[in-house]
file coords.cif (mmCIF, C-alpha atoms)
data_upload
loop_
_atom_site.group_PDB
_atom_site.id
_atom_site.type_symbol
_atom_site.label_atom_id
_atom_site.label_comp_id
_atom_site.auth_asym_id
_atom_site.auth_seq_id
_atom_site.Cartn_x
_atom_site.Cartn_y
_atom_site.Cartn_z
ATOM 1 C CA MET A 102 -12.456 -10.668 -16.561
ATOM 2 C CA LEU A 103 -14.415 -13.248 -14.613
ATOM 3 C CA ALA A 104 -15.802 -12.756 -11.117
ATOM 4 C CA LYS A 105 -14.386 -16.150 -10.122
ATOM 5 C CA PRO A 106 -11.682 -17.343 -9.988
ATOM 6 C CA ALA A 107 -9.576 -14.263 -9.354
ATOM 7 C CA MET A 108 -7.535 -12.905 -12.294
ATOM 8 C CA ALA A 109 -9.247 -15.269 -14.753
ATOM 9 C CA ALA A 110 -10.568 -14.091 -18.113
ATOM 10 C CA ILE A 111 -12.083 -15.349 -21.346
ATOM 11 C CA TRP A 112 -12.068 -13.801 -24.807
ATOM 12 C CA VAL A 113 -15.435 -13.906 -26.576
ATOM 13 C CA ASN A 114 -16.464 -12.826 -30.063
ATOM 14 C CA GLN A 115 -19.109 -10.252 -29.143
ATOM 15 C CA TYR A 116 -21.022 -10.852 -32.358
ATOM 16 C CA THR A 117 -21.173 -14.657 -32.426
ATOM 17 C CA GLY A 118 -20.627 -15.576 -28.773
ATOM 18 C CA GLU A 119 -17.748 -17.876 -29.715
ATOM 19 C CA VAL A 120 -15.111 -18.290 -27.012
ATOM 20 C CA MET A 121 -11.823 -17.297 -28.639
ATOM 21 C CA GLY A 122 -9.530 -18.023 -25.716
ATOM 22 C CA LYS A 123 -9.185 -18.067 -21.974
ATOM 23 C CA TYR A 124 -6.666 -17.249 -19.294
ATOM 24 C CA ASP A 125 -6.327 -18.527 -15.763
ATOM 25 C CA ARG A 126 -3.548 -17.434 -13.487
ATOM 26 C CA PRO A 127 -0.969 -20.215 -12.915
ATOM 27 C CA ALA A 128 -1.407 -21.958 -9.572
ATOM 28 C CA VAL A 129 2.048 -20.963 -8.332
ATOM 29 C CA PHE A 130 1.169 -17.269 -8.672
ATOM 30 C CA LYS A 131 -2.173 -17.783 -6.940
ATOM 31 C CA VAL A 132 -0.438 -19.398 -3.977
ATOM 32 C CA ALA A 133 2.281 -16.739 -3.880
ATOM 33 C CA SER A 134 -0.276 -13.924 -4.035
ATOM 34 C CA ALA A 135 -2.428 -15.446 -1.292
ATOM 35 C CA ALA A 136 0.620 -15.934 0.938
ATOM 36 C CA HIS A 137 2.022 -12.473 0.280
ATOM 37 C CA ARG A 138 -1.202 -10.527 0.710
ATOM 38 C CA ARG A 139 -3.375 -12.496 3.116
ATOM 39 C CA LEU A 140 -1.268 -15.368 4.509
ATOM 40 C CA PHE A 141 -3.236 -17.844 2.340
ATOM 41 C CA GLY A 142 -6.599 -16.283 3.180
ATOM 42 C CA LYS A 143 -9.334 -16.016 0.546
ATOM 43 C CA SER A 144 -9.875 -12.837 -1.449
ATOM 44 C CA LYS A 145 -13.117 -10.974 -2.111
ATOM 45 C CA ALA A 146 -13.321 -12.549 -5.570
ATOM 46 C CA GLU A 147 -13.225 -15.980 -3.957
ATOM 47 C CA GLY A 148 -16.241 -15.263 -1.809
ATOM 48 C CA ALA A 149 -14.645 -13.886 1.333
ATOM 49 C CA PHE A 150 -14.274 -10.402 2.737
ATOM 50 C CA GLY A 151 -10.581 -11.084 3.145
ATOM 51 C CA ALA A 152 -8.425 -12.871 5.647
ATOM 52 C CA ILE A 153 -8.323 -10.184 8.333
ATOM 53 C CA THR A 154 -6.145 -12.291 10.595
ATOM 54 C CA GLY A 155 -3.773 -13.089 7.749
ATOM 55 C CA LYS A 156 -3.450 -9.449 6.703
ATOM 56 C CA LEU A 157 -2.879 -8.476 10.324
ATOM 57 C CA ALA A 158 -0.123 -11.074 10.697
ATOM 58 C CA ILE A 159 1.514 -9.901 7.474
ATOM 59 C CA GLY A 160 1.349 -6.293 8.649
ATOM 60 C CA ILE A 161 2.829 -7.011 12.081
ATOM 61 C CA THR A 162 5.697 -9.075 10.687
ATOM 62 C CA THR A 163 6.347 -6.371 8.096
ATOM 63 C CA ILE A 164 6.722 -3.784 10.852
ATOM 64 C CA ALA A 165 9.016 -6.199 12.703
ATOM 65 C CA LEU A 166 11.123 -6.542 9.552
ATOM 66 C CA LEU A 167 11.433 -2.768 9.345
ATOM 67 C CA MET A 168 12.695 -2.663 12.936
ATOM 68 C CA ILE A 169 15.219 -5.415 12.162
ATOM 69 C CA ILE A 170 16.518 -3.506 9.142
ATOM 70 C CA ILE A 171 16.892 -0.270 11.109
ATOM 71 C CA SER A 172 18.646 -1.974 14.017
ATOM 72 C CA GLY A 173 20.839 -3.939 11.607
ATOM 73 C CA LEU A 174 21.993 -0.770 9.871
ATOM 74 C CA ILE A 175 22.799 0.787 13.241
ATOM 75 C CA VAL A 176 24.932 -2.209 14.199
ATOM 76 C CA TRP A 177 26.575 -2.351 10.754
ATOM 77 C CA ARG A 178 27.271 1.386 10.350
ATOM 78 C CA PRO A 179 30.907 1.874 9.322
ATOM 79 C CA SER A 180 33.246 3.914 11.447
ATOM 80 C CA LYS A 181 35.286 6.730 9.983
ATOM 81 C CA GLY A 182 37.947 5.451 7.614
ATOM 82 C CA HIS A 183 36.535 1.912 7.409
ATOM 83 C CA VAL A 184 33.717 2.365 4.908
ATOM 84 C CA ARG A 185 35.400 0.308 2.178
ATOM 85 C CA ASN A 186 35.991 -2.636 4.499
ATOM 86 C CA LYS A 187 32.300 -2.718 5.390
ATOM 87 C CA PHE A 188 31.465 -3.574 1.779
ATOM 88 C CA LYS A 189 33.907 -6.469 1.399
ATOM 89 C CA ILE A 190 32.869 -10.133 1.366
ATOM 90 C CA SER A 191 35.590 -12.633 2.193
ATOM 91 C CA ILE A 192 35.524 -15.975 0.364
ATOM 92 C CA THR A 193 38.812 -17.385 1.681
ATOM 93 C CA LYS A 194 38.309 -17.350 5.452
ATOM 94 C CA GLY A 195 35.722 -20.056 5.915
ATOM 95 C CA THR A 196 31.956 -20.430 5.812
ATOM 96 C CA TYR A 197 31.248 -18.413 8.939
ATOM 97 C CA LYS A 198 33.208 -15.376 7.753
ATOM 98 C CA PHE A 199 31.638 -15.555 4.278
ATOM 99 C CA LEU A 200 28.087 -15.744 5.617
ATOM 100 C CA TYR A 201 28.812 -13.013 8.156
ATOM 101 C CA ASP A 202 30.089 -10.667 5.446
ATOM 102 C CA PHE A 203 27.237 -11.583 3.112
ATOM 103 C CA HIS A 204 24.699 -10.943 5.861
ATOM 104 C CA CYS A 205 26.160 -7.518 6.646
ATOM 105 C CA VAL A 206 26.873 -6.336 3.105
ATOM 106 C CA GLY A 207 23.747 -7.878 1.592
ATOM 107 C CA GLY A 208 21.564 -6.367 4.276
ATOM 108 C CA ALA A 209 23.099 -2.924 3.844
ATOM 109 C CA VAL A 210 22.874 -2.972 0.041
ATOM 110 C CA SER A 211 19.275 -4.205 -0.097
ATOM 111 C CA ALA A 212 18.022 -2.170 2.878
ATOM 112 C CA LEU A 213 16.771 0.803 0.863
ATOM 113 C CA ILE A 214 14.715 -1.224 -1.628
ATOM 114 C CA ILE A 215 13.292 -3.500 1.072
ATOM 115 C CA THR A 216 12.365 -0.465 3.173
ATOM 116 C CA VAL A 217 10.530 1.059 0.198
ATOM 117 C CA CYS A 218 8.612 -2.207 -0.235
ATOM 118 C CA ILE A 219 7.760 -2.217 3.469
ATOM 119 C CA LEU A 220 6.591 1.394 3.668
ATOM 120 C CA THR A 221 4.392 0.997 0.588
ATOM 121 C CA GLY A 222 3.205 -2.529 1.413
ATOM 122 C CA LEU A 223 1.782 -1.504 4.782
ATOM 123 C CA ASN A 224 -0.725 0.526 2.765
ATOM 124 C CA TRP A 225 -2.628 -2.713 2.095
ATOM 125 C CA SER A 226 -2.352 -4.105 5.634
ATOM 126 C CA PHE A 227 -3.654 -1.316 7.847
ATOM 127 C CA GLY A 228 -6.376 1.236 7.182
ATOM 128 C CA TRP A 229 -4.893 3.660 9.715
ATOM 129 C CA TYR A 230 -1.524 3.500 7.986
ATOM 130 C CA ARG A 231 -3.133 4.091 4.589
ATOM 131 C CA LYS A 232 -4.879 7.212 5.887
ATOM 132 C CA LEU A 233 -1.653 8.410 7.510
ATOM 133 C CA LEU A 234 0.318 7.824 4.320
ATOM 134 C CA TYR A 235 -2.109 9.783 2.156
ATOM 135 C CA SER A 236 -2.484 12.567 4.725
ATOM 136 C CA THR A 237 1.306 12.939 4.741
ATOM 137 C CA PHE A 238 0.975 14.104 1.142
ATOM 138 C CA GLY A 239 -1.957 16.352 1.996
ATOM 139 C CA THR A 240 -4.789 14.302 0.527
ATOM 140 C CA GLU A 241 -7.355 11.635 1.382
ATOM 141 C CA VAL A 242 -7.343 7.953 0.505
ATOM 142 C CA ALA A 243 -8.021 7.356 -3.181
ATOM 143 C CA GLU A 244 -11.266 5.692 -4.159
ATOM 144 C CA THR A 245 -10.999 2.093 -5.294
ATOM 145 C CA THR A 246 -11.673 1.784 -9.020
ATOM 146 C CA SER A 247 -10.403 -1.728 -9.712
ATOM 147 C CA HIS A 248 -13.885 -3.192 -10.253
ATOM 148 C CA LYS A 249 -15.314 -1.035 -13.023
ATOM 149 C CA THR A 250 -18.337 -2.232 -14.964
ATOM 150 C CA PRO A 251 -17.263 -4.120 -18.092
ATOM 151 C CA ALA A 252 -18.541 -3.067 -21.485
ATOM 152 C CA GLU A 253 -21.947 -4.472 -22.500
ATOM 153 C CA ASN A 254 -22.877 -2.680 -25.732
ATOM 154 C CA PHE A 255 -20.341 -4.464 -27.892
ATOM 155 C CA PRO A 256 -20.804 -2.541 -31.177
ATOM 156 C CA ALA A 257 -20.271 0.729 -29.287
ATOM 157 C CA TRP A 258 -17.342 -0.798 -27.404
ATOM 158 C CA ASP A 259 -15.805 -2.004 -30.669
ATOM 159 C CA TYR A 260 -16.220 1.406 -32.293
ATOM 160 C CA ALA A 261 -14.678 3.233 -29.328
ATOM 161 C CA TYR A 262 -11.779 0.803 -29.079
ATOM 162 C CA SER A 263 -11.023 0.988 -32.802
ATOM 163 C CA LYS A 264 -11.011 4.769 -32.688
ATOM 164 C CA LEU A 265 -8.782 4.991 -29.610
ATOM 165 C CA SER A 266 -6.379 2.278 -30.757
ATOM 166 C CA SER A 267 -5.876 4.066 -34.072
ATOM 167 C CA GLU A 268 -4.995 7.272 -32.214
ATOM 168 C CA TYR A 269 -2.812 5.522 -29.611
ATOM 169 C CA PRO A 270 -1.452 2.369 -31.300
ATOM 170 C CA ASP A 271 1.369 1.899 -28.789
ATOM 171 C CA LYS A 272 -0.663 2.422 -25.614
ATOM 172 C CA GLU A 273 -2.466 -0.078 -23.395
ATOM 173 C CA ILE A 274 -6.228 0.533 -23.534
ATOM 174 C CA ARG A 275 -8.628 -0.717 -20.856
ATOM 175 C CA MET A 276 -12.262 -0.685 -21.926
ATOM 176 C CA TYR A 277 -15.255 -0.414 -19.586
ATOM 177 C CA GLN A 278 -18.969 0.228 -19.964
ATOM 178 C CA ASN A 279 -18.895 4.016 -19.948
ATOM 179 C CA GLU A 280 -15.214 4.838 -20.162
ATOM 180 C CA ALA A 281 -11.787 3.765 -21.326
ATOM 181 C CA ASP A 282 -8.433 4.142 -19.597
ATOM 182 C CA ILE A 283 -5.318 4.684 -21.684
ATOM 183 C CA VAL A 284 -2.121 3.935 -19.791
ATOM 184 C CA VAL A 285 0.291 6.831 -20.238
ATOM 185 C CA GLY A 286 2.808 6.003 -17.516
ATOM 186 C CA GLY A 287 6.357 5.933 -18.841
ATOM 187 C CA CYS A 288 9.138 6.303 -16.314
ATOM 188 C CA GLY A 289 7.563 6.766 -12.915
ATOM 189 C CA ASN A 290 3.952 6.019 -12.107
ATOM 190 C CA GLN A 291 3.089 2.970 -14.200
ATOM 191 C CA GLN A 292 -0.579 3.271 -13.204
ATOM 192 C CA ALA A 293 -0.995 6.720 -14.765
ATOM 193 C CA THR A 294 -3.969 6.793 -17.146
ATOM 194 C CA ASP A 295 -6.011 9.243 -19.176
ATOM 195 C CA THR A 296 -9.729 8.471 -18.810
ATOM 196 C CA TYR A 297 -12.068 8.835 -21.787
ATOM 197 C CA LYS A 298 -15.784 9.006 -21.031
ATOM 198 C CA ILE A 299 -17.704 7.078 -23.677
ATOM 199 C CA ASN A 300 -21.329 7.237 -24.736
ATOM 200 C CA PRO A 301 -22.433 3.594 -24.257
ATOM 201 C CA ALA A 302 -25.047 3.972 -26.974
ATOM 202 C CA ASN A 303 -22.764 4.874 -29.883
ATOM 203 C CA GLY A 304 -19.172 4.658 -28.614
ATOM 204 C CA GLU A 305 -18.384 8.335 -29.107
ATOM 205 C CA VAL A 306 -15.968 9.990 -26.674
ATOM 206 C CA SER A 307 -17.807 12.637 -24.677
ATOM 207 C CA SER A 308 -15.004 13.938 -22.443
ATOM 208 C CA VAL A 309 -11.402 13.330 -21.450
ATOM 209 C CA THR A 310 -9.777 13.536 -18.026
ATOM 210 C CA THR A 311 -6.011 13.517 -18.309
ATOM 211 C CA TYR A 312 -3.766 12.069 -15.653
ATOM 212 C CA GLU A 313 -2.556 15.554 -14.734
ATOM 213 C CA ASP A 314 -6.142 16.671 -14.094
ATOM 214 C CA LYS A 315 -6.984 13.771 -11.790
ATOM 215 C CA ALA A 316 -7.010 14.072 -8.013
ATOM 216 C CA GLU A 317 -3.696 13.995 -6.191
ATOM 217 C CA SER A 318 -4.847 10.878 -4.339
ATOM 218 C CA ASN A 319 -5.042 9.069 -7.679
ATOM 219 C CA HIS A 320 -1.427 9.989 -8.389
ATOM 220 C CA ILE A 321 -0.279 8.796 -4.970
ATOM 221 C CA LYS A 322 -2.153 5.515 -5.335
ATOM 222 C CA GLY A 323 -0.368 4.774 -8.596
ATOM 223 C CA TRP A 324 3.019 5.735 -7.193
ATOM 224 C CA ILE A 325 2.525 3.489 -4.145
ATOM 225 C CA TYR A 326 1.897 0.493 -6.378
ATOM 226 C CA SER A 327 4.728 1.321 -8.795
ATOM 227 C CA LEU A 328 7.227 1.773 -5.970
ATOM 228 C CA HIS A 329 6.062 -1.393 -4.230
ATOM 229 C CA VAL A 330 6.450 -3.690 -7.241
ATOM 230 C CA GLY A 331 9.494 -1.902 -8.659
ATOM 231 C CA SER A 332 7.987 -1.007 -12.020
ATOM 232 C CA TRP A 333 8.727 2.723 -11.935
ATOM 233 C CA LEU A 334 11.721 2.421 -14.285
ATOM 234 C CA GLY A 335 10.564 -0.667 -16.125
ATOM 235 C CA TRP A 336 12.656 -3.830 -16.241
ATOM 236 C CA LEU A 337 15.715 -2.091 -14.775
ATOM 237 C CA THR A 338 14.105 -1.467 -11.397
ATOM 238 C CA LYS A 339 12.279 -4.797 -11.511
ATOM 239 C CA ILE A 340 15.609 -6.619 -11.780
ATOM 240 C CA ILE A 341 17.118 -4.491 -8.999
ATOM 241 C CA TYR A 342 14.095 -5.195 -6.792
ATOM 242 C CA LEU A 343 14.319 -8.921 -7.557
ATOM 243 C CA VAL A 344 17.970 -9.095 -6.514
ATOM 244 C CA CYS A 345 17.309 -7.128 -3.330
ATOM 245 C CA VAL A 346 14.298 -9.175 -2.220
ATOM 246 C CA LEU A 347 16.153 -12.422 -2.927
ATOM 247 C CA ILE A 348 18.948 -11.178 -0.686
ATOM 248 C CA GLY A 349 16.316 -10.212 1.869
ATOM 249 C CA ALA A 350 14.882 -13.731 1.748
ATOM 250 C CA VAL A 351 18.318 -15.209 2.496
ATOM 251 C CA LEU A 352 19.110 -12.852 5.387
ATOM 252 C CA PRO A 353 16.932 -14.674 7.975
ATOM 253 C CA ILE A 354 18.700 -17.937 7.114
ATOM 254 C CA THR A 355 22.167 -16.444 7.454
ATOM 255 C CA GLY A 356 21.066 -14.575 10.570
ATOM 256 C CA TYR A 357 19.883 -17.736 12.313
ATOM 257 C CA TYR A 358 23.026 -19.570 11.214
ATOM 258 C CA LEU A 359 25.283 -16.882 12.688
ATOM 259 C CA TRP A 360 23.247 -16.763 15.897
ATOM 260 C CA ILE A 361 23.300 -20.546 16.401
ATOM 261 C CA LYS A 362 26.991 -20.689 15.526
ATOM 262 C CA ARG A 363 27.751 -18.058 18.143
ATOM 263 C CA LEU A 364 25.765 -19.968 20.756
ATOM 264 C CA ILE A 365 27.755 -23.110 19.981
ATOM 265 C CA LEU A 366 31.083 -21.257 20.099
ATOM 266 C CA LYS A 367 30.102 -19.529 23.328
ATOM 267 C CA LYS A 368 29.151 -22.866 24.877
ATOM 268 C CA CYS A 369 32.448 -24.426 23.773
ATOM 269 C CA HIS A 370 34.478 -21.553 25.203
ATOM 270 C CA SER A 371 32.664 -21.684 28.528
ATOM 271 C CA ALA A 372 33.124 -25.458 28.840
#

call {"tool": "encode", "arguments": {"input": "coords.cif", "output": "structure tokens"}}
result
Amino acid sequence: MLAKPAMAAIWVNQYTGEVMGKYDRPAVFKVASAAHRRLFGKSKAEGAFGAITGKLAIGITTIALLMIIISGLIVWRPSKGHVRNKFKISITKGTYKFLYDFHCVGGAVSALIITVCILTGLNWSFGWYRKLLYSTFGTEVAETTSHKTPAENFPAWDYAYSKLSSEYPDKEIRMYQNEADIVVGGCGNQQATDTYKINPANGEVSSVTTYEDKAESNHIKGWIYSLHVGSWLGWLTKIIYLVCVLIGAVLPITGYYLWIKRLILKKCHSA
């Protein structure tokens, strides 16, 4: 991985120095990430501490979205004996009726997933919320370990990787200077890893810390990420999350349409 730009990497033959390949994140994902996380502010990797104002704006609007979802569910809640009707979308009674039904049903169906994304996403917007979230589970905020020192002794690194990959051929292995992480997350926490301490001089494994033996805060950190991005059941939950967030993206449009339409109708009736 390169220090700059963010998420960029090159593959180098550690014996000859030949560049074997390179990767740079597509521009569309860079823009989407900057908008989603920092409202187009720069990241630490790009030479900035972070767009504090952007993160604050994202956090405030996220809380506002949560309030809208809660109030929307209260307004939508079905009365006794009319539950089935609340989940019907009419396609034969005009545009207004269709969009009204879609807004109500779509909002109700996607509310749970969007709420999960909100409650986990606020973890990255506010320090006080992050502390509150972790303390709710009886632990402290997990230490950040995303910037581990890359491997430098390449023969030792190569030996350690070859040994681990032969033992775990189907697992993702992340190599660092003094340790290696083997991703063991199946269904559930996709960030779960066993950590192997490695002697940087010869590549021998000196100790192993399994995921179960790691601090509870490490478990919570992985679960927060997995729940936020919808990876906890693999592609199944990713597809469900995608559908729900697409519906969520349409809801403001339908909401404004219904509101403006009502204003027009109200004005016509009062004329």

call {"tool": "atom_distance", "arguments": {"input": "coords.cif", "atom1": "CA of Leu334 (chain A)", "atom2": "CA of Val217 (chain A)"}}
result
14.6 Å

call {"tool": "residues_around", "arguments": {"input": "coords.cif", "residues": "region 271-277 of chain A", "least_positions_apart": "2", "cutoff": "10 Å", "atoms": "only C-alpha atoms", "output": "ChimeraX atom specification"}}
result
/A:248-253,258-259,261-262,265-269,279-286,294-299,301

call {"tool": "residues_around", "arguments": {"input": "coords.cif", "residues": "Asn114 (chain A)", "least_positions_apart": "6", "cutoff": "12 Å", "atoms": "only C-alpha atoms", "output": "JSON, numbers by chain"}}
result
{"A": [120, 121, 122, 255, 256, 259]}

call {"tool": "write_last_selection", "arguments": {"input": "coords.cif", "atoms": "C-alpha atoms", "output": "PDB file, in the frame of the given file"}}
result
ATOM      1  CA  VAL A 120     -15.111 -18.290 -27.012  1.00  0.00           C
ATOM      2  CA  MET A 121     -11.823 -17.297 -28.639  1.00  0.00           C
ATOM      3  CA  GLY A 122      -9.530 -18.023 -25.716  1.00  0.00           C
ATOM      4  CA  PHE A 255     -20.341  -4.464 -27.892  1.00  0.00           C
ATOM      5  CA  PRO A 256     -20.804  -2.541 -31.177  1.00  0.00           C
ATOM      6  CA  ASP A 259     -15.805  -2.004 -30.669  1.00  0.00           C
TER       7      ASP A 259
END

call {"tool": "resolve_selection", "arguments": {"input": "coords.cif", "expression": "the PyMOL selection byres ((chain A and resi 169-184) around 8)", "output": "ChimeraX atom specification"}}
result
/A:165-168,185-188,205,208-209,212,216

call {"tool": "closest_residue", "arguments": {"input": "coords.cif", "among": "A:Tyr326, A:Tyr312, A:Tyr342, A:Tyr230", "to": "Ile164 (chain A)", "atoms": "only C-alpha atoms"}}
result
A:Tyr230

call {"tool": "resolve_selection", "arguments": {"input": "coords.cif", "expression": "the PyMOL selection byres ((chain A and resi 348-365) around 7)", "output": "ChimeraX atom specification"}}
result
/A:200-201,204,207-208,211,344-347,366-369

call {"tool": "residues_around", "arguments": {"input": "coords.cif", "residues": "region 221-228 of chain A", "least_positions_apart": "4", "cutoff": "7 Å", "atoms": "all atoms listed in the file", "output": "JSON, numbers by chain"}}
result
{"A": [156, 157, 160, 217, 232, 325, 329]}

call {"tool": "closest_residue", "arguments": {"input": "coords.cif", "among": "A:Lys264, A:Ile219, A:Val129, A:Glu119", "to": "Ile159 (chain A)", "atoms": "only C-alpha atoms"}}
result
A:Ile219

call {"tool": "atom_distance", "arguments": {"input": "coords.cif", "atom1": "CA of Gln292 (chain A)", "atom2": "CA of Cys218 (chain A)"}}
result
16.8 Å

call {"tool": "resolve_selection", "arguments": {"input": "coords.cif", "expression": "the PyMOL selection byres ((chain A and resi 302) around 8)", "output": "number ranges by chain"}}
result
A: 254, 257, 300-301, 303-304

call {"tool": "closest_residue", "arguments": {"input": "coords.cif", "among": "A:Leu337, A:Ala293, A:Ile192, A:Val330", "to": "Ser318 (chain A)", "atoms": "all atoms listed in the file"}}
result
A:Ala293

call {"tool": "closest_residue", "arguments": {"input": "coords.cif", "among": "A:Tyr197, A:Thr240, A:His137, A:Leu328", "to": "Thr162 (chain A)", "atoms": "only C-alpha atoms"}}
result
A:His137

call {"tool": "atom_distance", "arguments": {"input": "coords.cif", "atom1": "CA of Ser263 (chain A)", "atom2": "CA of Asp314 (chain A)"}}
result
24.9 Å

call {"tool": "residues_around", "arguments": {"input": "coords.cif", "residues": "Gly239 (chain A)", "least_positions_apart": "4", "cutoff": "12 Å", "atoms": "all atoms listed in the file", "output": "ChimeraX atom specification"}}
result
/A:232-235,316-318,321

call {"tool": "closest_residue", "arguments": {"input": "coords.cif", "among": "A:Ala135, A:Val309, A:Ile190, A:Ile215", "to": "Phe203 (chain A)", "atoms": "all atoms listed in the file"}}
result
A:Ile190
